[in-house]
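Novice: Below is data-v3.pdb; it holds PDB, C-alpha atoms and all ligand atoms.
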```
ATOM      1  CA  MET A  25      50.513 134.191  75.920  1.00  0.00           C
ATOM      2  CA  ALA A  26      51.321 137.781  76.808  1.00  0.00           C
ATOM      3  CA  ALA A  27      49.548 139.292  79.796  1.00  0.00           C
ATOM      4  CA  PRO A  28      47.094 142.120  79.080  1.00  0.00           C
ATOM      5  CA  SER A  29      48.837 145.453  79.366  1.00  0.00           C
ATOM      6  CA  GLY A  30      48.877 146.888  82.863  1.00  0.00           C
ATOM      7  CA  MET A  31      48.742 143.455  84.524  1.00  0.00           C
ATOM      8  CA  ILE A  32      51.573 141.471  85.989  1.00  0.00           C
ATOM      9  CA  PRO A  33      51.775 137.864  84.842  1.00  0.00           C
ATOM     10  CA  SER A  34      51.606 135.548  87.853  1.00  0.00           C
ATOM     11  CA  SER A  35      54.601 133.521  86.800  1.00  0.00           C
ATOM     12  CA  VAL A  36      57.445 134.540  84.582  1.00  0.00           C
ATOM     13  CA  ASP A  37      60.643 132.676  83.955  1.00  0.00           C
ATOM     14  CA  ALA A  38      63.848 134.359  84.938  1.00  0.00           C
ATOM     15  CA  ASN A  39      66.663 135.163  82.587  1.00  0.00           C
ATOM     16  CA  CYS A  40      69.881 133.133  82.702  1.00  0.00           C
ATOM     17  CA  ALA A  41      71.544 133.900  86.022  1.00  0.00           C
ATOM     18  CA  ILE A  42      74.933 133.927  84.403  1.00  0.00           C
ATOM     19  CA  CYS A  43      74.578 135.725  81.061  1.00  0.00           C
ATOM     20  CA  ASN A  44      71.111 137.271  81.456  1.00  0.00           C
ATOM     21  CA  ALA A  45      69.858 135.740  78.183  1.00  0.00           C
ATOM     22  CA  PRO A  46      66.077 135.120  77.960  1.00  0.00           C
ATOM     23  CA  PRO A  47      64.941 131.757  79.383  1.00  0.00           C
ATOM     24  CA  ILE A  48      64.061 130.402  75.936  1.00  0.00           C
ATOM     25  CA  PRO A  49      66.008 128.998  74.244  1.00  0.00           C
ATOM     26  CA  GLU A  50      67.725 127.662  77.314  1.00  0.00           C
ATOM     27  CA  CYS A  51      71.461 128.333  77.420  1.00  0.00           C
ATOM     28  CA  PRO A  52      73.888 125.911  79.066  1.00  0.00           C
ATOM     29  CA  HIS A  53      75.430 128.325  81.607  1.00  0.00           C
ATOM     30  CA  GLU A  54      73.359 127.558  84.678  1.00  0.00           C
ATOM     31  CA  GLY A  55      73.728 123.804  84.203  1.00  0.00           C
ATOM     32  CA  GLU A  56      77.472 124.157  83.736  1.00  0.00           C
ATOM     33  CA  ARG A  57      77.806 126.345  86.808  1.00  0.00           C
ATOM     34  CA  LEU A  58      75.767 123.887  88.856  1.00  0.00           C
ATOM     35  CA  THR A  59      77.954 120.992  87.782  1.00  0.00           C
ATOM     36  CA  LEU A  60      81.032 122.986  88.749  1.00  0.00           C
ATOM     37  CA  ALA A  61      79.542 123.914  92.120  1.00  0.00           C
ATOM     38  CA  LEU A  62      78.662 120.277  92.739  1.00  0.00           C
ATOM     39  CA  ASP A  63      82.185 119.172  91.862  1.00  0.00           C
ATOM     40  CA  HIS A  64      83.562 121.707  94.341  1.00  0.00           C
ATOM     41  CA  ALA A  65      81.068 120.656  97.012  1.00  0.00           C
ATOM     42  CA  MET A  66      81.989 117.006  96.482  1.00  0.00           C
ATOM     43  CA  GLY A  67      85.617 118.026  96.908  1.00  0.00           C
ATOM     44  CA  ARG A  68      84.790 119.620 100.281  1.00  0.00           C
ATOM     45  CA  TRP A  69      82.620 116.690 101.365  1.00  0.00           C
ATOM     46  CA  ALA A  70      84.618 114.834 103.988  1.00  0.00           C
ATOM     47  CA  GLN A  71      82.670 111.600 103.476  1.00  0.00           C
ATOM     48  CA  LEU A  72      84.056 111.204  99.983  1.00  0.00           C
ATOM     49  CA  GLU A  73      87.557 111.372 101.401  1.00  0.00           C
ATOM     50  CA  ALA A  74      86.526 108.841 104.058  1.00  0.00           C
ATOM     51  CA  ILE A  75      85.146 106.455 101.422  1.00  0.00           C
ATOM     52  CA  ARG A  76      88.297 106.746  99.353  1.00  0.00           C
ATOM     53  CA  ASP A  77      90.567 106.151 102.332  1.00  0.00           C
ATOM     54  CA  TRP A  78      88.483 103.223 103.521  1.00  0.00           C
ATOM     55  CA  ALA A  79      88.353 101.544 100.095  1.00  0.00           C
ATOM     56  CA  VAL A  80      92.052 102.088  99.438  1.00  0.00           C
ATOM     57  CA  LYS A  81      93.063 100.761 102.846  1.00  0.00           C
ATOM     58  CA  HIS A  82      91.077  97.560 102.427  1.00  0.00           C
ATOM     59  CA  ALA A  83      92.058  97.093  98.792  1.00  0.00           C
ATOM     60  CA  LYS A  84      95.745  97.481  99.649  1.00  0.00           C
ATOM     61  CA  ASN A  85      95.537  95.047 102.538  1.00  0.00           C
ATOM     62  CA  ASN A  86      93.742  92.568 100.328  1.00  0.00           C
ATOM     63  CA  VAL A  87      96.253  92.842  97.489  1.00  0.00           C
ATOM     64  CA  ILE A  88      99.224  92.579  99.827  1.00  0.00           C
ATOM     65  CA  SER A  89      97.890  89.574 101.679  1.00  0.00           C
ATOM     66  CA  LYS A  90      97.072  87.769  98.426  1.00  0.00           C
ATOM     67  CA  PHE A  91     100.574  88.531  97.196  1.00  0.00           C
ATOM     68  CA  HIS A  92     102.048  87.124 100.412  1.00  0.00           C
ATOM     69  CA  GLN A  93      99.995  83.946  99.991  1.00  0.00           C
ATOM     70  CA  ARG A  94     101.120  83.553  96.388  1.00  0.00           C
ATOM     71  CA  ARG A  95     104.740  84.207  97.262  1.00  0.00           C
ATOM     72  CA  HIS A  96     104.563  81.751 100.136  1.00  0.00           C
ATOM     73  CA  SER A  97     103.153  78.917  98.042  1.00  0.00           C
ATOM     74  CA  ARG A  98     105.683  79.677  95.305  1.00  0.00           C
ATOM     75  CA  TYR A  99     108.432  79.513  97.905  1.00  0.00           C
ATOM     76  CA  GLN A 100     107.110  76.146  99.116  1.00  0.00           C
ATOM     77  CA  ARG A 101     107.026  74.799  95.552  1.00  0.00           C
ATOM     78  CA  THR A 102     110.563  76.026  94.883  1.00  0.00           C
ATOM     79  CA  LEU A 103     111.821  74.538  98.104  1.00  0.00           C
ATOM     80  CA  GLY A 104     110.003  71.294  97.314  1.00  0.00           C
ATOM     81  CA  PHE A 105     111.732  71.156  93.957  1.00  0.00           C
ATOM     82  CA  LEU A 106     115.173  71.800  95.455  1.00  0.00           C
ATOM     83  CA  GLN A 107     114.635  69.071  98.001  1.00  0.00           C
ATOM     84  CA  THR A 108     114.166  66.559  95.202  1.00  0.00           C
ATOM     85  CA  LEU A 109     117.690  67.289  93.939  1.00  0.00           C
ATOM     86  CA  PRO A 110     120.273  64.687  94.842  1.00  0.00           C
ATOM     87  CA  CYS A 111     122.770  66.021  97.399  1.00  0.00           C
ATOM     88  CA  TYR A 112     120.614  69.040  98.330  1.00  0.00           C
ATOM     89  CA  GLY A 113     120.403  67.804 101.924  1.00  0.00           C
ATOM     90  CA  LEU A 114     124.185  67.469 102.053  1.00  0.00           C
ATOM     91  CA  TYR A 115     124.577  70.864 100.454  1.00  0.00           C
ATOM     92  CA  ILE A 116     122.503  72.476 103.219  1.00  0.00           C
ATOM     93  CA  THR A 117     124.039  70.440 106.023  1.00  0.00           C
ATOM     94  CA  TYR A 118     127.536  71.426 104.925  1.00  0.00           C
ATOM     95  CA  ASN A 119     126.606  75.027 104.391  1.00  0.00           C
ATOM     96  CA  GLY A 120     127.226  74.951 100.645  1.00  0.00           C
ATOM     97  CA  ARG A 121     130.512  72.959 100.902  1.00  0.00           C
ATOM     98  CA  PRO A 122     129.372  69.356 100.853  1.00  0.00           C
ATOM     99  CA  PRO A 123     131.863  66.499 100.425  1.00  0.00           C
ATOM    100  CA  ILE A 124     130.771  65.664  96.865  1.00  0.00           C
ATOM    101  CA  THR A 125     132.503  65.700  93.501  1.00  0.00           C
ATOM    102  CA  PRO A 126     133.045  69.082  91.809  1.00  0.00           C
ATOM    103  CA  GLN A 127     130.765  67.906  89.047  1.00  0.00           C
ATOM    104  CA  GLN A 128     127.955  67.130  91.493  1.00  0.00           C
ATOM    105  CA  LEU A 129     128.551  70.435  93.231  1.00  0.00           C
ATOM    106  CA  GLY A 130     128.453  72.328  89.934  1.00  0.00           C
ATOM    107  CA  GLU A 131     125.218  70.642  89.051  1.00  0.00           C
ATOM    108  CA  ILE A 132     123.476  71.467  92.277  1.00  0.00           C
ATOM    109  CA  GLN A 133     124.717  75.073  92.192  1.00  0.00           C
ATOM    110  CA  TYR A 134     123.346  75.347  88.691  1.00  0.00           C
ATOM    111  CA  HIS A 135     119.915  74.144  89.817  1.00  0.00           C
ATOM    112  CA  ILE A 136     119.887  76.428  92.846  1.00  0.00           C
ATOM    113  CA  ARG A 137     120.799  79.422  90.698  1.00  0.00           C
ATOM    114  CA  ASN A 138     118.055  78.574  88.204  1.00  0.00           C
ATOM    115  CA  ALA A 139     115.537  78.048  90.973  1.00  0.00           C
ATOM    116  CA  ASN A 140     116.429  81.419  92.508  1.00  0.00           C
ATOM    117  CA  GLU A 141     116.041  83.201  89.211  1.00  0.00           C
ATOM    118  CA  ALA A 142     112.731  81.480  88.526  1.00  0.00           C
ATOM    119  CA  PHE A 143     111.574  82.307  92.045  1.00  0.00           C
ATOM    120  CA  GLN A 144     112.404  86.002  91.635  1.00  0.00           C
ATOM    121  CA  ALA A 145     110.668  86.131  88.232  1.00  0.00           C
ATOM    122  CA  GLY A 146     107.699  84.302  89.691  1.00  0.00           C
ATOM    123  CA  VAL A 147     107.462  86.699  92.640  1.00  0.00           C
ATOM    124  CA  ASN A 148     107.489  89.640  90.232  1.00  0.00           C
ATOM    125  CA  GLU A 149     104.691  87.969  88.314  1.00  0.00           C
ATOM    126  CA  ASP A 150     102.740  87.298  91.537  1.00  0.00           C
ATOM    127  CA  TRP A 151     102.974  90.978  92.464  1.00  0.00           C
ATOM    128  CA  ARG A 152     101.966  92.127  88.999  1.00  0.00           C
ATOM    129  CA  ARG A 153      99.012  89.760  89.025  1.00  0.00           C
ATOM    130  CA  SER A 154      97.961  90.916  92.489  1.00  0.00           C
ATOM    131  CA  CYS A 155      98.110  94.586  91.438  1.00  0.00           C
ATOM    132  CA  MET A 156      96.091  93.896  88.289  1.00  0.00           C
ATOM    133  CA  GLU A 157      93.236  92.888  90.567  1.00  0.00           C
ATOM    134  CA  TYR A 158      92.918  96.386  92.063  1.00  0.00           C
ATOM    135  CA  PRO A 159      89.980  97.480  89.879  1.00  0.00           C
ATOM    136  CA  ALA A 160      87.870  94.454  90.825  1.00  0.00           C
ATOM    137  CA  ILE A 161      88.895  94.678  94.475  1.00  0.00           C
ATOM    138  CA  LEU A 162      88.050  98.395  94.648  1.00  0.00           C
ATOM    139  CA  ASP A 163      84.669  97.637  93.071  1.00  0.00           C
ATOM    140  CA  TYR A 164      84.102  95.015  95.712  1.00  0.00           C
ATOM    141  CA  PHE A 165      84.877  97.242  98.682  1.00  0.00           C
ATOM    142  CA  LEU A 166      83.066 100.276  97.283  1.00  0.00           C
ATOM    143  CA  GLY A 167      80.093  97.962  96.817  1.00  0.00           C
ATOM    144  CA  LEU A 168      80.069  97.357 100.566  1.00  0.00           C
ATOM    145  CA  VAL A 169      79.675 101.041 101.359  1.00  0.00           C
ATOM    146  CA  GLN A 170      76.114 101.937 102.195  1.00  0.00           C
ATOM    147  CA  ILE A 171      74.775 105.408 101.551  1.00  0.00           C
ATOM    148  CA  GLU A 172      71.634 106.586 103.282  1.00  0.00           C
ATOM    149  CA  PHE A 173      69.475 109.451 102.111  1.00  0.00           C
ATOM    150  CA  PRO A 174      67.037 111.095 104.497  1.00  0.00           C
ATOM    151  CA  ALA A 175      63.428 110.848 103.306  1.00  0.00           C
ATOM    152  CA  ASP A 176      61.876 113.898 101.623  1.00  0.00           C
ATOM    153  CA  HIS A 177      59.443 114.357 104.498  1.00  0.00           C
ATOM    154  CA  GLU A 178      62.143 114.544 107.172  1.00  0.00           C
ATOM    155  CA  ASP A 179      62.696 117.885 108.867  1.00  0.00           C
ATOM    156  CA  VAL A 180      66.315 118.117 107.748  1.00  0.00           C
ATOM    157  CA  ILE A 181      65.001 118.225 104.182  1.00  0.00           C
ATOM    158  CA  ARG A 182      61.887 120.342 104.711  1.00  0.00           C
ATOM    159  CA  TYR A 183      63.495 122.877 107.023  1.00  0.00           C
ATOM    160  CA  PRO A 184      67.191 122.895 106.254  1.00  0.00           C
ATOM    161  CA  ALA A 185      68.929 124.947 108.922  1.00  0.00           C
ATOM    162  CA  PHE A 186      71.031 126.937 106.464  1.00  0.00           C
ATOM    163  CA  ALA A 187      67.832 128.388 104.945  1.00  0.00           C
ATOM    164  CA  GLY A 188      66.817 129.861 108.260  1.00  0.00           C
ATOM    165  CA  GLY A 189      63.803 127.586 108.481  1.00  0.00           C
ATOM    166  CA  GLY A 190      64.135 127.297 112.220  1.00  0.00           C
ATOM    167  CA  ALA A 191      64.409 123.530 112.294  1.00  0.00           C
ATOM    168  CA  PRO A 192      67.304 122.219 114.305  1.00  0.00           C
ATOM    169  CA  LEU A 193      70.163 120.914 112.219  1.00  0.00           C
ATOM    170  CA  VAL A 194      70.146 117.220 112.980  1.00  0.00           C
ATOM    171  CA  ALA A 195      72.161 115.969 110.055  1.00  0.00           C
ATOM    172  CA  GLU A 196      73.606 112.629 110.958  1.00  0.00           C
ATOM    173  CA  GLN A 197      77.275 112.592 111.671  1.00  0.00           C
ATOM    174  CA  ARG A 198      77.813 109.511 109.595  1.00  0.00           C
ATOM    175  CA  LYS A 199      75.460 108.960 106.734  1.00  0.00           C
ATOM    176  CA  VAL A 200      77.923 106.751 104.987  1.00  0.00           C
ATOM    177  CA  LYS A 201      78.893 103.613 106.750  1.00  0.00           C
ATOM    178  CA  SER A 202      80.618 100.429 106.003  1.00  0.00           C
ATOM    179  CA  ARG A 203      78.301  97.463 106.023  1.00  0.00           C
ATOM    180  CA  ARG A 204      79.794  96.264 109.251  1.00  0.00           C
ATOM    181  CA  ASP A 205      79.182  99.539 111.065  1.00  0.00           C
ATOM    182  CA  SER A 206      75.669  99.560 109.728  1.00  0.00           C
ATOM    183  CA  VAL A 207      74.943  96.057 110.943  1.00  0.00           C
ATOM    184  CA  THR A 208      76.257  96.988 114.363  1.00  0.00           C
ATOM    185  CA  THR A 209      74.044 100.047 114.453  1.00  0.00           C
ATOM    186  CA  GLU A 210      70.999  98.026 113.414  1.00  0.00           C
ATOM    187  CA  HIS A 211      71.782  95.557 116.120  1.00  0.00           C
ATOM    188  CA  ARG A 212      71.982  98.297 118.717  1.00  0.00           C
ATOM    189  CA  LYS A 213      68.731  99.840 117.552  1.00  0.00           C
ATOM    190  CA  LYS A 214      66.971  96.510 117.901  1.00  0.00           C
ATOM    191  CA  GLU A 215      68.369  96.026 121.353  1.00  0.00           C
ATOM    192  CA  LYS A 216      67.139  99.421 122.387  1.00  0.00           C
ATOM    193  CA  ARG A 217      63.681  98.691 121.071  1.00  0.00           C
ATOM    194  CA  ARG A 218      63.538  95.469 122.981  1.00  0.00           C
ATOM    195  CA  GLY A 219      64.787  97.077 126.179  1.00  0.00           C
TER
HETATM  196 ZN    ZN B 301      73.416 132.014  79.916  1.00  0.00          ZN
END
```
Please, can you express the file's structure as structure tokens?
Ligand SMILES: [Zn+2]
Specialist:
Amino acid sequence: MAAPSGMIPSSVDANCAICNAPPIPECPHEGERLTLALDHAMGRWAQLEAIRDWAVKHAKNNVISKFHQRRHSRYQRTLGFLQTLPCYGLYITYNGRPPITPQQLGEIQYHIRNANEAFQAGVNEDWRRSCMEYPAILDYFLGLVQIEFPADHEDVIRYPAFAGGGAPLVAEQRKVKSRRDSVTTEHRKKEKRRG
């Protein structure tokens, strides 16, 4: 409804801040600009970098240690197989020149060569398999990250320092913590309360 002439309507909507089009119909510019600004702010937000680094570090360690376990048990199985070969003990004892017939020697060399090739192929497969688990492992570690939001009634929200509201800026240094850090903090808080 238009205001009577000569009076100022108490609330009017502003035009688009970007293209100055009237507020209705709504154009997409402000939303787009906000999304862009948020993307840039997220890029500057050090916590995001910290989360990424933390998740990647733990995921890598996890993948590498699983790979080492798989390679180790594969090595044990391969060694176990070789030890079942006749003359393998002699072959080792005599440093690859055991006193056996050329035919026996040829046979054991053949098995060792095959076992080596199978071991290498198996290790490649172990590594590939370990790396394929990255998505699930990253999900797992990211799931351990805890994010805290201050409540709407807290002063940091009601009087943000950048707006000149006069409230002290008491933003927490670390709003994002790993679960372990968080547990430790909780523990300390409880201790303080008791003391
Ligand atoms: Zn616009």
Novice: Could you spell out the hits of the PyMOL selection byres (((not hetatm)) within 7 of (chain B and resi 301)) on the shown file, as a VMD selection string?
Specialist: chain A and resid 40 to 45 51 to 54
Novice: So what do you get for CA of Arg101 (chain A) versus CA of Ser89 (chain A), distance-wise?
Specialist: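 Separation of CA of Arg101 (chain A) and CA of Ser89 (chain A): 18.4 Å.
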Novice: Excluding Val147 (chain A) and its own-chain neighbours fewer than 3 positions away, which residues fall within 12 Å of it when counting only C-alpha atoms? Please give them as a ChimeraX atom specification.
Specialist: /A:90-99,102,139-144,150-154
Novice: Rounded to one decimal in Å, what is the spacing between CA of Leu60 (chain A) and CA of Glu73 (chain A)?
Specialist: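 Between CA of Leu60 (chain A) and CA of Glu73 (chain A) the gap is 18.4 Å.
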Novice: Calculate how many Å separate CA of Pro174 (chain A) from CA of Asp77 (chain A), rounding to one decimal.
Specialist: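 If I compute the distance from CA of Pro174 (chain A) to CA of Asp77 (chain A), I get 24.1 Å.
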Novice: Let me make sure I understand: among A:Cys155, A:Leu72, A:Ala79, A:Ile132, which one has the smallest atom-to-atom distance to Leu114 (chain A) if we use all atoms listed in the file?
Specialist: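 Closest candidate: A:Ile132.
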Novice: Could you pull the residues within 10 Å of Pro123 (chain A), counting all atoms listed in the file, minus those fewer than 6 positions along the same chain, as a list of chain:residue names?
Specialist: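 Near neighbours after the sequence-gap exclusion: A:Cys111, A:Leu114, A:Tyr115, A:Leu129.
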Novice: Any chance you could export the current selection's C-alpha atoms as a PDB file, keeping the file's coordinate frame?
Specialist:
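Dumped to result16.pdb:
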```pdb
ATOM      1  CA  CYS A 111     122.770  66.021  97.399  1.00  0.00           C
ATOM      2  CA  LEU A 114     124.185  67.469 102.053  1.00  0.00           C
ATOM      3  CA  TYR A 115     124.577  70.864 100.454  1.00  0.00           C
ATOM      4  CA  LEU A 129     128.551  70.435  93.231  1.00  0.00           C
TER       5      LEU A 129
END
```
Novice: Box for region 37-51 of chain A - axis-aligned, 8 Å on each of the six sides, all listed atoms - centre and size in Å to one decimal, as AutoDock Vina command-line options.
Specialist:
```
--center_x 67.8 --center_y 132.5 --center_z 80.1 --size_x 30.3 --size_y 25.6 --size_z 27.8
```
